[in-house]
$ cat run.cif   # mmCIF, C-alpha atoms
data_final
loop_
_atom_site.label_atom_id
_atom_site.label_comp_id
_atom_site.auth_asym_id
_atom_site.auth_seq_id
_atom_site.Cartn_x
_atom_site.Cartn_y
_atom_site.Cartn_z
CA MET A 3 -6.98 -30.90 -2.48
CA LYS A 4 -9.50 -28.23 -1.51
CA ALA A 5 -6.81 -26.20 0.23
CA LYS A 6 -4.69 -26.35 -2.90
CA VAL A 7 -7.56 -25.03 -5.02
CA VAL A 8 -8.26 -22.17 -2.61
CA SER A 9 -4.57 -21.32 -2.44
CA SER A 10 -4.42 -21.30 -6.23
CA GLY A 11 -7.45 -19.03 -6.27
CA TRP A 12 -5.72 -16.57 -3.97
CA VAL A 13 -2.63 -16.54 -6.21
CA ILE A 14 -4.76 -15.82 -9.26
CA ALA A 15 -6.70 -13.15 -7.38
CA LEU A 16 -3.52 -11.41 -6.22
CA ARG A 17 -1.95 -11.48 -9.68
CA ALA A 18 -5.16 -10.21 -11.27
CA GLY A 19 -5.40 -7.52 -8.61
CA ALA A 20 -1.83 -6.44 -9.35
CA THR A 21 -2.67 -6.30 -13.06
CA LEU A 22 -5.71 -4.10 -12.46
CA ALA A 23 -3.80 -1.93 -10.00
CA ALA A 24 -1.12 -1.29 -12.63
CA ALA A 25 -3.50 -0.88 -15.59
CA VAL A 26 -6.21 1.26 -14.04
CA GLY A 27 -5.16 2.42 -10.58
CA VAL A 28 -1.76 3.70 -11.73
CA GLY A 29 -1.53 3.66 -15.52
CA ARG A 30 -4.86 5.33 -16.00
CA PHE A 31 -5.58 7.37 -12.90
CA VAL A 32 -2.18 8.51 -11.61
CA PHE A 33 -2.67 11.49 -13.91
CA THR A 34 -5.35 12.77 -11.53
CA PRO A 35 -3.01 13.57 -8.58
CA ILE A 36 -0.12 14.55 -10.91
CA LEU A 37 -2.21 17.11 -12.82
CA PRO A 38 -2.02 19.79 -10.07
CA LEU A 39 1.79 19.41 -10.02
CA MET A 40 1.96 19.84 -13.78
CA GLN A 41 -0.23 22.91 -13.55
CA GLU A 42 1.97 24.48 -10.87
CA ARG A 43 5.40 23.60 -12.22
CA ALA A 44 5.02 22.80 -15.91
CA GLY A 45 2.48 25.43 -16.94
CA VAL A 46 -0.11 22.88 -18.00
CA THR A 47 -3.45 24.58 -18.61
CA ALA A 48 -6.80 23.07 -17.75
CA GLU A 49 -7.49 22.73 -21.48
CA LEU A 50 -4.27 20.77 -22.04
CA GLY A 51 -5.13 18.63 -19.03
CA ALA A 52 -8.45 17.79 -20.65
CA ALA A 53 -6.67 16.94 -23.92
CA LEU A 54 -4.28 14.59 -22.10
CA ALA A 55 -7.18 12.89 -20.36
CA THR A 56 -9.12 12.54 -23.60
CA SER A 57 -6.13 11.00 -25.35
CA ASN A 58 -5.82 8.39 -22.60
CA TYR A 59 -9.51 7.49 -22.78
CA LEU A 60 -9.43 7.42 -26.58
CA GLY A 61 -6.48 5.02 -26.43
CA TYR A 62 -8.42 2.90 -23.97
CA MET A 63 -11.42 2.81 -26.29
CA ILE A 64 -9.22 1.76 -29.21
CA GLY A 65 -7.70 -0.98 -27.06
CA ALA A 66 -11.18 -2.19 -26.14
CA ILE A 67 -12.19 -2.35 -29.80
CA VAL A 68 -8.99 -4.26 -30.65
CA MET A 69 -9.72 -6.82 -27.94
CA MET A 70 -13.26 -7.23 -29.27
CA ALA A 71 -11.88 -7.81 -32.77
CA VAL A 72 -9.24 -10.31 -31.58
CA PRO A 73 -10.86 -12.10 -28.62
CA ARG A 74 -8.10 -14.72 -28.33
CA TRP A 75 -5.80 -11.99 -26.99
CA ALA A 76 -7.93 -11.99 -23.83
CA ARG A 77 -6.06 -15.15 -22.75
CA SER A 78 -2.68 -14.24 -24.22
CA ALA A 79 0.36 -14.02 -21.95
CA LEU A 80 2.26 -12.26 -24.74
CA ALA A 81 -0.40 -9.55 -25.11
CA LEU A 82 -0.36 -8.98 -21.35
CA ARG A 83 3.43 -8.76 -21.09
CA ILE A 84 3.86 -6.46 -24.08
CA SER A 85 1.16 -4.20 -22.64
CA ILE A 86 2.89 -4.10 -19.25
CA CYS A 87 6.15 -3.03 -20.92
CA VAL A 88 4.39 -0.39 -23.06
CA LEU A 89 2.59 1.02 -20.04
CA VAL A 90 5.77 1.26 -17.95
CA LEU A 91 7.70 2.95 -20.75
CA SER A 92 4.88 5.39 -21.53
CA LEU A 93 4.82 6.53 -17.90
CA MET A 94 8.58 6.84 -17.57
CA ALA A 95 8.82 8.77 -20.85
CA MET A 96 6.48 11.55 -19.68
CA PRO A 97 9.24 13.54 -17.86
CA ALA A 98 11.63 13.13 -20.81
CA THR A 99 9.85 15.81 -22.82
CA GLU A 100 7.81 18.97 -22.38
CA LEU A 101 6.12 18.82 -25.78
CA PRO A 102 2.33 18.67 -25.39
CA GLU A 103 2.06 16.58 -28.55
CA ALA A 104 4.42 13.99 -27.10
CA TRP A 105 2.49 13.90 -23.82
CA ILE A 106 -0.76 13.38 -25.72
CA ALA A 107 0.74 10.48 -27.70
CA LEU A 108 2.18 8.87 -24.56
CA ARG A 109 -1.12 9.06 -22.71
CA GLY A 110 -2.83 7.48 -25.70
CA LEU A 111 -0.36 4.58 -25.62
CA ALA A 112 -0.93 4.20 -21.89
CA GLY A 113 -4.67 3.96 -22.48
CA LEU A 114 -4.24 1.32 -25.18
CA ALA A 115 -2.02 -0.81 -22.93
CA SER A 116 -4.37 -0.37 -19.95
CA ALA A 117 -7.35 -1.66 -21.92
CA ILE A 118 -5.51 -4.83 -22.99
CA MET A 119 -4.30 -5.48 -19.44
CA PHE A 120 -7.80 -4.96 -18.04
CA VAL A 121 -9.40 -7.38 -20.48
CA VAL A 122 -6.76 -10.08 -19.91
CA ALA A 123 -7.15 -9.79 -16.14
CA ALA A 124 -10.96 -9.91 -16.37
CA SER A 125 -10.80 -12.98 -18.60
CA VAL A 126 -8.48 -14.83 -16.23
CA ILE A 127 -10.63 -13.93 -13.23
CA VAL A 128 -13.86 -15.26 -14.70
CA HIS A 129 -12.34 -18.41 -16.22
CA THR A 130 -9.95 -19.56 -13.52
CA ILE A 131 -11.16 -18.54 -10.06
CA PRO A 132 -13.15 -21.52 -8.72
CA LYS A 133 -16.81 -21.03 -7.80
CA GLN A 134 -16.12 -22.04 -4.21
CA SER A 135 -13.66 -19.13 -4.07
CA HIS A 136 -16.00 -16.65 -5.72
CA HIS A 137 -15.42 -14.08 -2.97
CA LEU A 138 -11.89 -13.65 -4.34
CA VAL A 139 -13.33 -11.84 -7.36
CA GLY A 140 -14.12 -8.84 -5.17
CA TRP A 141 -10.56 -8.78 -3.89
CA SER A 142 -9.23 -8.91 -7.45
CA TYR A 143 -11.20 -5.85 -8.53
CA GLY A 144 -10.17 -4.17 -5.30
CA GLY A 145 -6.76 -3.93 -6.95
CA VAL A 146 -8.04 -0.85 -8.80
CA GLY A 147 -8.58 0.93 -5.49
CA ALA A 148 -5.25 -0.28 -4.14
CA GLY A 149 -3.46 1.11 -7.19
CA ILE A 150 -5.20 4.46 -6.79
CA ALA A 151 -4.36 4.67 -3.09
CA ILE A 152 -0.71 3.62 -3.44
CA SER A 153 0.01 5.85 -6.43
CA GLY A 154 -1.76 8.75 -4.73
CA ALA A 155 0.40 8.30 -1.64
CA VAL A 156 3.57 8.13 -3.76
CA VAL A 157 2.68 11.36 -5.59
CA LEU A 158 1.83 13.06 -2.29
CA MET A 159 5.24 12.18 -0.85
CA ILE A 160 7.12 13.22 -3.99
CA ALA A 161 5.31 16.56 -4.04
CA GLN A 162 7.08 17.44 -0.77
CA PHE A 163 10.55 17.43 -2.35
CA GLY A 164 10.22 16.87 -6.10
CA ASP A 165 8.07 17.84 -9.03
CA TRP A 166 5.94 16.30 -11.74
CA ARG A 167 8.94 14.64 -13.41
CA GLU A 168 9.78 12.53 -10.37
CA ALA A 169 6.09 11.73 -9.94
CA TRP A 170 5.78 10.29 -13.44
CA PHE A 171 9.02 8.33 -13.11
CA ALA A 172 7.95 6.91 -9.75
CA SER A 173 4.60 5.88 -11.20
CA GLY A 174 6.48 3.98 -13.90
CA VAL A 175 8.59 2.21 -11.28
CA LEU A 176 5.45 1.34 -9.28
CA THR A 177 3.80 -0.03 -12.43
CA ALA A 178 6.90 -2.13 -13.13
CA ILE A 179 6.75 -3.62 -9.63
CA LEU A 180 3.06 -4.44 -9.98
CA GLY A 181 3.74 -5.76 -13.48
CA ALA A 182 6.31 -8.17 -12.06
CA PHE A 183 3.58 -9.68 -9.87
CA ALA A 184 1.21 -9.75 -12.85
CA TRP A 185 3.73 -11.25 -15.29
CA GLN A 186 2.68 -14.88 -14.68
CA LEU A 187 -1.07 -14.18 -14.56
CA VAL A 188 -1.76 -16.11 -17.76
CA GLN A 189 -0.49 -19.69 -17.65
CA ALA A 190 -1.16 -22.59 -19.99
CA GLU A 191 -2.08 -24.95 -17.16
CA GLN A 192 -4.92 -22.77 -15.88
CA SER A 193 -8.22 -24.61 -16.18
CA GLU A 194 -11.69 -23.24 -16.56
CA HIS A 195 -14.07 -23.56 -13.62
CA THR A 196 -17.09 -21.73 -14.95
CA SER A 197 -20.08 -23.29 -16.57
CA PRO A 198 -22.99 -21.61 -18.26
CA ALA A 199 -26.04 -21.20 -16.09
CA HIS A 200 -29.45 -22.33 -17.31
CA THR A 201 -31.95 -19.50 -17.29
CA GLU A 202 -35.42 -19.05 -18.72
CA PRO A 203 -35.74 -16.71 -21.73
CA ILE A 204 -36.65 -13.12 -20.93
CA HIS A 205 -39.37 -11.64 -23.11
CA ARG A 206 -38.85 -8.16 -24.59
CA PRO A 207 -35.54 -7.54 -22.81
CA HIS A 208 -34.95 -4.30 -24.73
CA ARG A 209 -37.53 -2.47 -22.63
CA TRP A 210 -35.00 -2.59 -19.79
CA PHE A 211 -31.81 -2.72 -21.82
CA VAL A 212 -32.28 0.59 -23.66
CA PRO A 213 -32.50 2.70 -20.47
CA LEU A 214 -29.61 0.67 -19.03
CA VAL A 215 -27.45 1.62 -22.02
CA ALA A 216 -28.45 5.27 -21.61
CA ALA A 217 -27.63 5.20 -17.90
CA TYR A 218 -24.27 3.53 -18.43
CA PHE A 219 -23.29 6.05 -21.11
CA LEU A 220 -24.19 8.93 -18.79
CA GLU A 221 -22.22 7.32 -15.97
CA GLY A 222 -19.21 7.05 -18.26
CA VAL A 223 -19.42 10.77 -19.03
CA GLY A 224 -20.01 11.95 -15.47
CA TYR A 225 -17.66 9.65 -13.59
CA ILE A 226 -14.68 10.35 -15.82
CA ILE A 227 -15.03 14.12 -15.40
CA ALA A 228 -14.84 13.62 -11.64
CA GLY A 229 -12.11 11.01 -11.90
CA THR A 230 -9.97 13.42 -13.92
CA PHE A 231 -10.52 16.73 -12.15
CA LEU A 232 -11.63 15.93 -8.59
CA VAL A 233 -8.16 16.29 -7.05
CA ALA A 234 -7.38 19.48 -8.97
CA ALA A 235 -10.70 21.01 -7.89
CA ILE A 236 -10.11 20.28 -4.21
CA ALA A 237 -6.48 21.36 -4.42
CA SER A 238 -7.43 24.69 -6.01
CA SER A 239 -9.70 25.60 -3.11
CA ALA A 240 -7.87 24.05 -0.15
CA SER A 241 -4.48 24.50 1.45
CA GLY A 242 -1.79 21.92 2.01
CA GLY A 243 -2.03 18.42 0.56
CA LEU A 244 -5.79 18.02 0.97
CA GLY A 245 -6.36 17.55 -2.77
CA LYS A 246 -3.81 14.76 -3.14
CA LEU A 247 -4.93 13.20 0.15
CA SER A 248 -8.50 13.05 -1.16
CA TRP A 249 -7.38 10.82 -4.04
CA ILE A 250 -5.82 8.40 -1.57
CA VAL A 251 -9.18 8.28 0.21
CA VAL A 252 -10.85 7.49 -3.14
CA GLY A 253 -8.57 4.48 -3.56
CA LEU A 254 -9.02 3.25 0.01
CA ALA A 255 -12.81 3.46 -0.36
CA ALA A 256 -12.70 1.54 -3.66
CA ILE A 257 -10.72 -1.41 -2.25
CA PRO A 258 -13.57 -3.00 -0.22
CA SER A 259 -16.41 -1.56 -2.31
CA CYS A 260 -16.77 -4.57 -4.61
CA LEU A 261 -17.21 -6.88 -1.63
CA GLY A 262 -19.82 -4.54 -0.17
CA TRP A 263 -21.86 -4.31 -3.36
CA ALA A 264 -21.55 -8.09 -3.75
CA TRP A 265 -23.16 -8.60 -0.36
CA LEU A 266 -25.91 -6.07 -1.08
CA SER A 267 -26.67 -7.70 -4.44
CA ARG A 268 -27.87 -10.78 -2.56
CA LYS A 269 -30.49 -8.62 -0.85
CA LEU A 270 -31.61 -6.11 -3.48
CA ALA A 271 -32.18 -6.12 -7.25
CA HIS A 272 -29.49 -4.72 -9.51
CA PRO A 273 -31.55 -1.73 -10.77
CA THR A 274 -32.25 -0.69 -7.17
CA LEU A 275 -28.57 -0.91 -6.25
CA LEU A 276 -27.57 0.95 -9.41
CA THR A 277 -29.96 3.79 -8.60
CA ILE A 278 -28.66 4.03 -5.03
CA ALA A 279 -25.02 3.91 -6.13
CA LEU A 280 -25.51 6.53 -8.85
CA LEU A 281 -27.28 8.91 -6.46
CA LEU A 282 -24.50 8.49 -3.90
CA GLN A 283 -21.88 9.13 -6.57
CA ALA A 284 -23.72 12.23 -7.84
CA ALA A 285 -23.84 13.55 -4.26
CA GLY A 286 -20.12 12.93 -3.84
CA ILE A 287 -19.21 14.72 -7.06
CA GLY A 288 -21.47 17.63 -6.12
CA LEU A 289 -19.81 17.92 -2.71
CA ALA A 290 -16.38 18.11 -4.35
CA ALA A 291 -17.57 21.15 -6.30
CA LEU A 292 -18.91 23.09 -3.31
CA ASP A 293 -15.72 24.00 -1.37
CA LEU A 294 -16.96 22.56 1.93
CA GLY A 295 -13.51 22.13 3.44
CA MET A 296 -11.78 18.98 4.63
CA ALA A 297 -14.92 17.19 5.85
CA GLY A 298 -16.71 17.76 2.55
CA ALA A 299 -13.65 16.65 0.55
CA VAL A 300 -13.29 13.41 2.52
CA ILE A 301 -17.00 12.58 2.24
CA ALA A 302 -16.90 13.31 -1.50
CA ALA A 303 -13.87 11.05 -1.94
CA VAL A 304 -15.48 8.19 0.01
CA LEU A 305 -18.73 8.43 -1.96
CA PHE A 306 -16.93 8.51 -5.30
CA GLY A 307 -14.42 5.78 -4.48
CA GLY A 308 -17.03 3.52 -2.94
CA THR A 309 -19.35 3.54 -5.95
CA PHE A 310 -17.56 3.66 -9.30
CA MET A 311 -16.41 0.02 -9.37
CA GLY A 312 -19.73 -1.24 -8.01
CA ILE A 313 -21.67 0.67 -10.67
CA THR A 314 -19.54 -0.84 -13.43
CA THR A 315 -19.96 -4.43 -12.33
CA LEU A 316 -23.65 -4.14 -11.43
CA ALA A 317 -24.48 -2.60 -14.80
CA LEU A 318 -22.59 -5.25 -16.74
CA ASP A 319 -24.21 -8.04 -14.73
CA ALA A 320 -27.68 -6.55 -15.31
CA GLY A 321 -27.02 -6.41 -19.05
CA ALA A 322 -25.89 -10.03 -19.11
CA HIS A 323 -28.96 -11.09 -17.11
CA LEU A 324 -31.29 -9.50 -19.69
CA GLN A 325 -29.92 -11.95 -22.31
CA VAL A 326 -29.52 -9.32 -25.01
CA PRO A 327 -26.99 -10.59 -27.59
CA THR A 328 -23.57 -8.95 -27.02
CA ALA A 329 -25.10 -6.93 -24.15
CA VAL A 330 -21.86 -6.64 -22.21
CA ALA A 331 -19.88 -5.60 -25.27
CA ILE A 332 -22.46 -2.92 -26.11
CA LEU A 333 -22.40 -1.55 -22.57
CA SER A 334 -18.62 -1.56 -22.50
CA LEU A 335 -18.40 0.35 -25.76
CA VAL A 336 -20.89 3.07 -24.76
CA TYR A 337 -19.06 3.45 -21.45
CA ALA A 338 -15.76 3.94 -23.27
CA VAL A 339 -17.39 6.48 -25.61
CA GLY A 340 -18.78 8.32 -22.61
CA GLN A 341 -15.36 8.43 -20.98
CA THR A 342 -13.83 9.86 -24.14
CA ALA A 343 -16.57 12.46 -24.51
CA GLY A 344 -16.57 13.63 -20.88
CA PRO A 345 -13.44 15.82 -20.87
CA ILE A 346 -14.33 17.22 -24.30
CA LEU A 347 -17.79 18.19 -23.08
CA VAL A 348 -16.50 20.30 -20.18
CA ALA A 349 -13.35 21.63 -21.87
CA PRO A 350 -14.94 25.04 -22.70
CA LEU A 351 -15.70 25.55 -19.00
CA LEU A 352 -12.26 24.74 -17.63
CA SER A 353 -10.91 28.27 -18.07
CA ASP A 354 -13.07 29.25 -15.07
CA GLY A 355 -11.87 26.36 -12.90
CA PHE A 356 -12.99 22.84 -12.15
CA HIS A 357 -16.06 23.40 -10.01
CA GLY A 358 -18.46 24.07 -12.89
CA PRO A 359 -17.48 20.87 -14.71
CA LEU A 360 -17.89 18.87 -11.50
CA LEU A 361 -21.40 20.24 -10.97
CA ILE A 362 -22.26 19.27 -14.56
CA ALA A 363 -20.84 15.79 -13.90
CA ALA A 364 -23.02 15.47 -10.79
CA VAL A 365 -26.13 16.37 -12.81
CA ILE A 366 -25.21 13.86 -15.54
CA VAL A 367 -24.76 11.03 -13.01
CA ALA A 368 -28.06 11.99 -11.35
CA LEU A 369 -29.75 11.68 -14.76
CA ALA A 370 -28.23 8.20 -15.04
CA ALA A 371 -29.91 7.36 -11.73
CA VAL A 372 -33.26 8.47 -13.18
CA SER A 373 -32.74 6.05 -16.06
CA THR A 374 -31.89 3.12 -13.76
CA ALA A 375 -34.95 3.93 -11.65
CA LEU A 376 -37.05 3.30 -14.78
CA ILE A 377 -35.36 -0.09 -15.20
CA ARG A 378 -36.73 -1.13 -11.78
CA ILE A 379 -40.27 -1.29 -13.18
CA ARG A 380 -41.07 -5.02 -13.44
CA PHE A 381 -37.40 -5.90 -13.89
CA PRO A 382 -37.15 -9.70 -14.37
CA ALA A 383 -36.02 -11.42 -11.20
CA VAL A 384 -32.71 -13.20 -10.90
CA HIS A 385 -33.34 -16.79 -9.80
CA ARG A 386 -30.24 -18.25 -8.20
CA PRO A 387 -29.49 -20.51 -5.26
CA ALA A 388 -29.45 -18.74 -1.91
CA SER A 389 -25.88 -19.83 -1.34
CA GLU A 390 -24.69 -18.22 -4.56
CA SER A 391 -24.00 -14.51 -4.85
CA THR A 392 -25.87 -12.64 -7.57
CA PHE A 393 -22.81 -10.49 -8.09
CA GLU A 394 -21.05 -11.74 -11.19
CA PRO A 395 -17.50 -10.84 -12.18
CA VAL A 396 -16.77 -8.91 -15.32
CA THR A 397 -16.38 -11.36 -18.16
CA ALA A 398 -13.87 -11.44 -20.97
CA GLU A 399 -16.44 -9.72 -23.15
CA THR A 400 -16.49 -6.62 -20.90
CA VAL A 401 -13.78 -5.07 -22.96
CA GLY A 402 -13.58 -1.35 -22.60
CA ALA A 403 -15.36 -1.24 -19.24
CA GLY A 404 -14.22 1.56 -16.98
CA VAL A 405 -13.18 0.00 -14.33
CA ASN A 406 -12.82 -0.57 -14.98
CA ARG A 407 -13.28 -0.03 -13.79
#

$ encode --input "run.cif" --output "structure tokens"
Amino acid sequence: MKAKVVSSGWVIALRAGATLAAAVGVGRFVFTPILPLMQERAGVTAELGAALATSNYLGYMIGAIVMMAVPRWARSALALRISICVLVLSLMAMPATELPEAWIALRGLAGLASAIMFVVAASVIVHTIPKQSHHLVGWSYGGVGAGIAISGAVVLMIAQFGDWREAWFASGVLTAILGAFAWQLVQAEQSEHTSPAHTEPIHRPHRWFVPLVAAYFLEGVGYIIAGTFLVAAIASSASGGLGKLSWIVVGLAAIPSCLGWAWLSRKLAHPTLLTIALLLQAAGIGLAALDLGMAGAVIAAVLFGGTFMGITTLALDAGAHLQVPTAVAILSLVYAVGQTAGPILVAPLLSDGFHGPLLIAAVIVALAAVSTALIRIRFPAVHRPASESTFEPVTAETVGAGVNR
């Protein structure tokens, strides 16, 4: 019986991972390696690139708000399947037109579908993966990194013989394949294995929650600037396929990162880990802006890929631990707002290239680390059994999280 439960947990984890790979790794972030191709062969300006990114993040924010308003959709197979179809079609339709307005609309639709898929996957993960198989949660969220790495490799190969049109079409095909694995993620017979934990009330939780909200908003702004323009910045200052290769490295680093931060969370408090992760991410973004050649690009990609998913989950878990009503929803919303604002903030600087915006992003993420360092002061301890990880999965209420994340 135990083997059957574990096997079922692996099936759920793989389907959830495929969902997140399609929704975030491909549907959301494939634009990053395709952007240099569109600049070279479709005349896309940096300003239009920022507008396309903003439209996608705005669609994602709208999707997050919709899922908050209609929480039952978080366990809806129909919502998941419609979103998969919308995402596939929005990707495949990109090469069918060269109208910027159409591209902006399509990227908005992709963002809306991605948000719904993310929330459904997160809900299934937290409600159906058994506690004895809790390590599978890390593998599920590793799907984001896998989607980034696979889509980055596909775009890199297509760039050798095709153009941006083939890249978008191939990303749609890849999303369809992942969607086929994700199609049966939500099933009526799935049972819930989670139970609420008993914890003592935390007095004056807002003293820690307010700086956490500020830090998470700043992370949303800074990380999305890097996530959108990192490849284009490296590609503009390096020869060959180094830029596109760096995005593959980002994905490969993200795959095991959730497991690594899970292990560390059993040793160190969440605010400490958040501060470390934010500083590492700021350093990685700064390196990407300094034209340090292949070694600098690879280090930057590893630092960025190895932190962004960990930061998301650690921040959400810290908010839930503080017992602030709707803490996770609040954090998710400010993160989505930050992601939408990021490209708009640096748009005036893009005419001079991507390195200035990346330096600004590094400073913003460093400021987020300052805020999380303040949270460390007398942060209430997490009392859990030694055998249980303090690293909690994103819950159904983490709608809009960057994954995210």

$ residues_around --input "run.cif" --residues "region 173-181 of chain A" --least-positions-apart "3" --cutoff "7 Å" --atoms "only C-alpha atoms" --output "list in words"
Ala20, Thr21, Ala24, Val28, Ile86, Val90, Leu93, Met94, Ser153, Ala169, Trp170, Ala184 and Trp185 of chain A

$ resolve_selection --input "run.cif" --expression "the PyMOL selection byres ((chain A and resi 122) around 12)" --output "mmCIF file with C-alpha atoms, in the frame of the given file"
data_model
loop_
_atom_site.group_PDB
_atom_site.id
_atom_site.type_symbol
_atom_site.label_atom_id
_atom_site.label_comp_id
_atom_site.auth_asym_id
_atom_site.auth_seq_id
_atom_site.Cartn_x
_atom_site.Cartn_y
_atom_site.Cartn_z
ATOM 1 C CA ARG A 17 -1.950 -11.480 -9.680
ATOM 2 C CA ALA A 18 -5.160 -10.210 -11.270
ATOM 3 C CA GLY A 19 -5.400 -7.520 -8.610
ATOM 4 C CA THR A 21 -2.670 -6.300 -13.060
ATOM 5 C CA LEU A 22 -5.710 -4.100 -12.460
ATOM 6 C CA ALA A 25 -3.500 -0.880 -15.590
ATOM 7 C CA GLY A 65 -7.700 -0.980 -27.060
ATOM 8 C CA ALA A 66 -11.180 -2.190 -26.140
ATOM 9 C CA MET A 69 -9.720 -6.820 -27.940
ATOM 10 C CA MET A 70 -13.260 -7.230 -29.270
ATOM 11 C CA VAL A 72 -9.240 -10.310 -31.580
ATOM 12 C CA PRO A 73 -10.860 -12.100 -28.620
ATOM 13 C CA ARG A 74 -8.100 -14.720 -28.330
ATOM 14 C CA TRP A 75 -5.800 -11.990 -26.990
ATOM 15 C CA ALA A 76 -7.930 -11.990 -23.830
ATOM 16 C CA ARG A 77 -6.060 -15.150 -22.750
ATOM 17 C CA SER A 78 -2.680 -14.240 -24.220
ATOM 18 C CA ALA A 79 0.360 -14.020 -21.950
ATOM 19 C CA LEU A 80 2.260 -12.260 -24.740
ATOM 20 C CA ALA A 81 -0.400 -9.550 -25.110
ATOM 21 C CA LEU A 82 -0.360 -8.980 -21.350
ATOM 22 C CA ARG A 83 3.430 -8.760 -21.090
ATOM 23 C CA ILE A 84 3.860 -6.460 -24.080
ATOM 24 C CA SER A 85 1.160 -4.200 -22.640
ATOM 25 C CA ILE A 86 2.890 -4.100 -19.250
ATOM 26 C CA ALA A 115 -2.020 -0.810 -22.930
ATOM 27 C CA SER A 116 -4.370 -0.370 -19.950
ATOM 28 C CA ALA A 117 -7.350 -1.660 -21.920
ATOM 29 C CA ILE A 118 -5.510 -4.830 -22.990
ATOM 30 C CA MET A 119 -4.300 -5.480 -19.440
ATOM 31 C CA PHE A 120 -7.800 -4.960 -18.040
ATOM 32 C CA VAL A 121 -9.400 -7.380 -20.480
ATOM 33 C CA ALA A 123 -7.150 -9.790 -16.140
ATOM 34 C CA ALA A 124 -10.960 -9.910 -16.370
ATOM 35 C CA SER A 125 -10.800 -12.980 -18.600
ATOM 36 C CA VAL A 126 -8.480 -14.830 -16.230
ATOM 37 C CA ILE A 127 -10.630 -13.930 -13.230
ATOM 38 C CA VAL A 128 -13.860 -15.260 -14.700
ATOM 39 C CA HIS A 129 -12.340 -18.410 -16.220
ATOM 40 C CA THR A 130 -9.950 -19.560 -13.520
ATOM 41 C CA ALA A 184 1.210 -9.750 -12.850
ATOM 42 C CA TRP A 185 3.730 -11.250 -15.290
ATOM 43 C CA GLN A 186 2.680 -14.880 -14.680
ATOM 44 C CA LEU A 187 -1.070 -14.180 -14.560
ATOM 45 C CA VAL A 188 -1.760 -16.110 -17.760
ATOM 46 C CA GLN A 189 -0.490 -19.690 -17.650
ATOM 47 C CA VAL A 396 -16.770 -8.910 -15.320
ATOM 48 C CA THR A 397 -16.380 -11.360 -18.160
ATOM 49 C CA ALA A 398 -13.870 -11.440 -20.970
ATOM 50 C CA GLU A 399 -16.440 -9.720 -23.150
ATOM 51 C CA THR A 400 -16.490 -6.620 -20.900
ATOM 52 C CA VAL A 401 -13.780 -5.070 -22.960
ATOM 53 C CA GLY A 402 -13.580 -1.350 -22.600
#

$ closest_residue --input "run.cif" --among "A:Leu335, A:Ala349, A:Ala317, A:Met311" --to "Leu261 (chain A)" --atoms "only C-alpha atoms"
A:Met311

$ atom_distance --input "run.cif" --atom1 "CA of Ala98 (chain A)" --atom2 "CA of Leu114 (chain A)"
20.3 Å

$ resolve_selection --input "run.cif" --expression "the PyMOL selection byres ((chain A and resi 321) around 9)" --output "PyMOL selection string"
chain A and resi 210-211+214-215+316-320+322-326+329-330+333

$ closest_residue --input "run.cif" --among "A:Gly154, A:Gly140, A:Gly145, A:Pro102" --to "Ile36 (chain A)" --atoms "all atoms listed in the file"
A:Gly154

$ closest_atom_pairs --input "run.cif" --of "region 286-365 of chain A" --to "region 275-282 of chain A" --cutoff "9 Å" --atoms "only C-alpha atoms" --output "tab-separated table"
residue	atom	partner	partner_atom	distance
A:Gly286	CA	A:Leu282	CA	6.2
A:Ile287	CA	A:Leu282	CA	8.8
A:Leu305	CA	A:Leu282	CA	6.1
A:Phe306	CA	A:Leu282	CA	7.7
A:Gly308	CA	A:Ala279	CA	8.6
A:Thr309	CA	A:Ala279	CA	5.7
A:Phe310	CA	A:Ala279	CA	8.1
A:Gly312	CA	A:Ala279	CA	7.6
A:Ile313	CA	A:Leu276	CA	6.0
A:Leu316	CA	A:Leu276	CA	6.7
A:Ala317	CA	A:Leu276	CA	7.2
A:Ala364	CA	A:Leu281	CA	8.9

$ closest_residue --input "run.cif" --among "A:Ile257, A:Leu347, A:Ala55, A:Ala95" --to "Ile152 (chain A)" --atoms "only C-alpha atoms"
A:Ile257

$ decode --input "run.cif" --residues "region 21-25 of chain A" --atoms "N, CA, C and O atoms" --output "compact mmCIF listing (two decimals), in the first residue's frame"
# COMPACT_ATOMS: atom_id res chain seq x y z
N THR A 21 2.99 20.73 -15.81
CA THR A 21 2.12 21.91 -15.85
C THR A 21 2.91 23.20 -15.62
O THR A 21 2.75 24.19 -16.35
N LEU A 22 3.78 23.19 -14.61
CA LEU A 22 4.58 24.37 -14.31
C LEU A 22 5.62 24.64 -15.39
O LEU A 22 5.92 25.80 -15.69
N ALA A 23 6.16 23.57 -15.98
CA ALA A 23 7.11 23.75 -17.07
C ALA A 23 6.45 24.45 -18.25
O ALA A 23 7.02 25.34 -18.88
N ALA A 24 5.21 24.03 -18.57
CA ALA A 24 4.48 24.63 -19.68
C ALA A 24 4.07 26.06 -19.36
O ALA A 24 4.26 26.98 -20.16
N ALA A 25 3.51 26.26 -18.15
CA ALA A 25 2.94 27.57 -17.79
C ALA A 25 4.00 28.63 -17.61
O ALA A 25 3.85 29.75 -18.12
